[in-house]
Amino acid sequence: MPGLYKKEDFKDNCGFGLVSNIDGIKSHKVITNSINALISMTHRGGVGSDGKTGDGCGLLFDIDHDYFRNAVSKELDIKLPEIFAVGQLFYNNKIEDILPEINKILKNEKLSLSAIRKVPVKKNILGKIALDCSPNIYQLFISPSEKVFNEQNFDTNLLQARKFIEEIFFDDEILYFCSFSSKTIVYKGLMLPNAIKEFYLDLQHKDLTASSCVFPSKVFNQHES
């Protein structure tokens with residue numbers, strides 16, 4: 001159809017893709033295929049002077065609640081409730097420093113903190129530029145405290161809690177949530193696409209599954225590790 005494309009309006013952009021099972025069936029293959037596709041878009045992102053630091057890549061996929069229940073049980077000896085959300089957090093200091101404030105915010109939003117997991121990573125694969133600004137990465141497992149569960153209320157409370165926690169500093173160089181949801185989770189950072197699986201050890205586990213995954217080769221916020 002004439003008029004839809006104008007050569008002078010064309011601009012280079014970051015790479016972006018989606019892998020999904022059309023039947024909604026979860027598998028580890030969705031994650032591995034997404035990583036392979038992300039690697040094929042390496043040329044769409046920038047590379048730092050150290051040759052290892054990128055300008056951001058990541059994966060967004062539906063939460064595998066069973067995987068995280070098992071991981072938290074094995075690593076922390078904590079049994080997660082049936083319903084929970086995951087806050088994927090970048091924080092420059094120890095999470096214990098702000099736990100009282102986080103718990104107060106969650107309580108006000110009718111939420112409770114079930115567990116905190118330090119995300120297993122392999123930092124030595126990062127380039128020096130990314131390593132120098134690499135934060136601590138935590139997963140906050142949050143459950144509703146209301147006796148009668150309401151999904152819409154839960155999602156609303158999560159959104160408000162995220163906003164208030166981020167306002168502790170008003171600075172995403174110090175505290176930043178990659179995701180804060182009961183449905184999806186984000187793994188991202190300033191590594192090159194071929195290093196994201198090496199960096200995040202969770203992504204190597206065949207037990208971690210997803211039914212769909214979105215992946216950019218240049219993430220939208222540039223403050224990550």
# chains A, B, ... in the order shown; residues from 1 in each chain; ligands from 1
call {"tool": "select_by_dssp", "arguments": {"residues": "stretch 4-221 of chain A", "states": "strand (DSSP E)", "output": "ChimeraX atom specification"}}
result
/A:16-20,53-62,85-91,111-118,136-144,175-181,184-191,212-216
call {"tool": "select_by_dssp", "arguments": {"residues": "stretch 7-209 of chain A", "states": "alpha helix (DSSP H)", "output": "MDAnalysis selection string"}}
result
chainID A and resid 28:40 65:76 99:108 128:132 151:166 196:199
call {"tool": "residues_around", "arguments": {"residues": "A:Phe199", "least_positions_apart": "2", "cutoff": "9 Å", "atoms": "only C-alpha atoms", "output": "JSON, numbers by chain"}}
result
{"A": [120, 121, 122, 123, 124, 125, 126, 191, 195, 196, 197, 201, 202, 203]}
call {"tool": "residues_around", "arguments": {"residues": "stretch 162-168 of chain A", "least_positions_apart": "5", "cutoff": "9 Å", "atoms": "only C-alpha atoms", "output": "count of residues only"}}
result
11
call {"tool": "closest_atom_pairs", "arguments": {"of": "stretch 41-75 of chain A", "to": "stretch 204-212 of chain A", "cutoff": "9 Å", "atoms": "only C-alpha atoms", "output": "Markdown table"}}
result
| residue | atom | partner | partner_atom | distance |
| --- | --- | --- | --- | --- |
| A:Leu60 | CA | A:Ser212 | CA | 8.4 |
| A:Phe61 | CA | A:Ser212 | CA | 5.8 |
| A:Asp62 | CA | A:Ala210 | CA | 5.7 |
| A:Ile63 | CA | A:Ala210 | CA | 7.0 |
| A:Asp64 | CA | A:Thr209 | CA | 6.0 |
| A:Asp66 | CA | A:Leu208 | CA | 8.6 |
| A:Tyr67 | CA | A:Leu208 | CA | 5.7 |
| A:Phe68 | CA | A:Leu208 | CA | 8.5 |
call {"tool": "residues_around", "arguments": {"residues": "A:Thr156", "least_positions_apart": "2", "cutoff": "12 Å", "atoms": "only C-alpha atoms", "output": "list of chain:residue names"}}
result
A:Glu109, A:Lys110, A:Leu111, A:Pro144, A:Asn150, A:Glu151, A:Gln152, A:Asn153, A:Phe154, A:Leu158, A:Leu159, A:Gln160, A:Ala161, A:Arg162, A:Lys163, A:Phe180, A:Ser181, A:Ser182
call {"tool": "residues_around", "arguments": {"residues": "stretch 47-55 of chain A", "least_positions_apart": "5", "cutoff": "6 Å", "atoms": "only C-alpha atoms", "output": "count of residues only"}}
result
6
call {"tool": "atom_distance", "arguments": {"atom1": "atom CA of A:Gly58", "atom2": "atom CA of A:Lys29"}}
result
16.6 Å
call {"tool": "closest_residue", "arguments": {"among": "A:Leu140, A:Ser179, A:Leu131, A:Glu75", "to": "A:Leu99", "atoms": "only C-alpha atoms"}}
result
A:Leu140
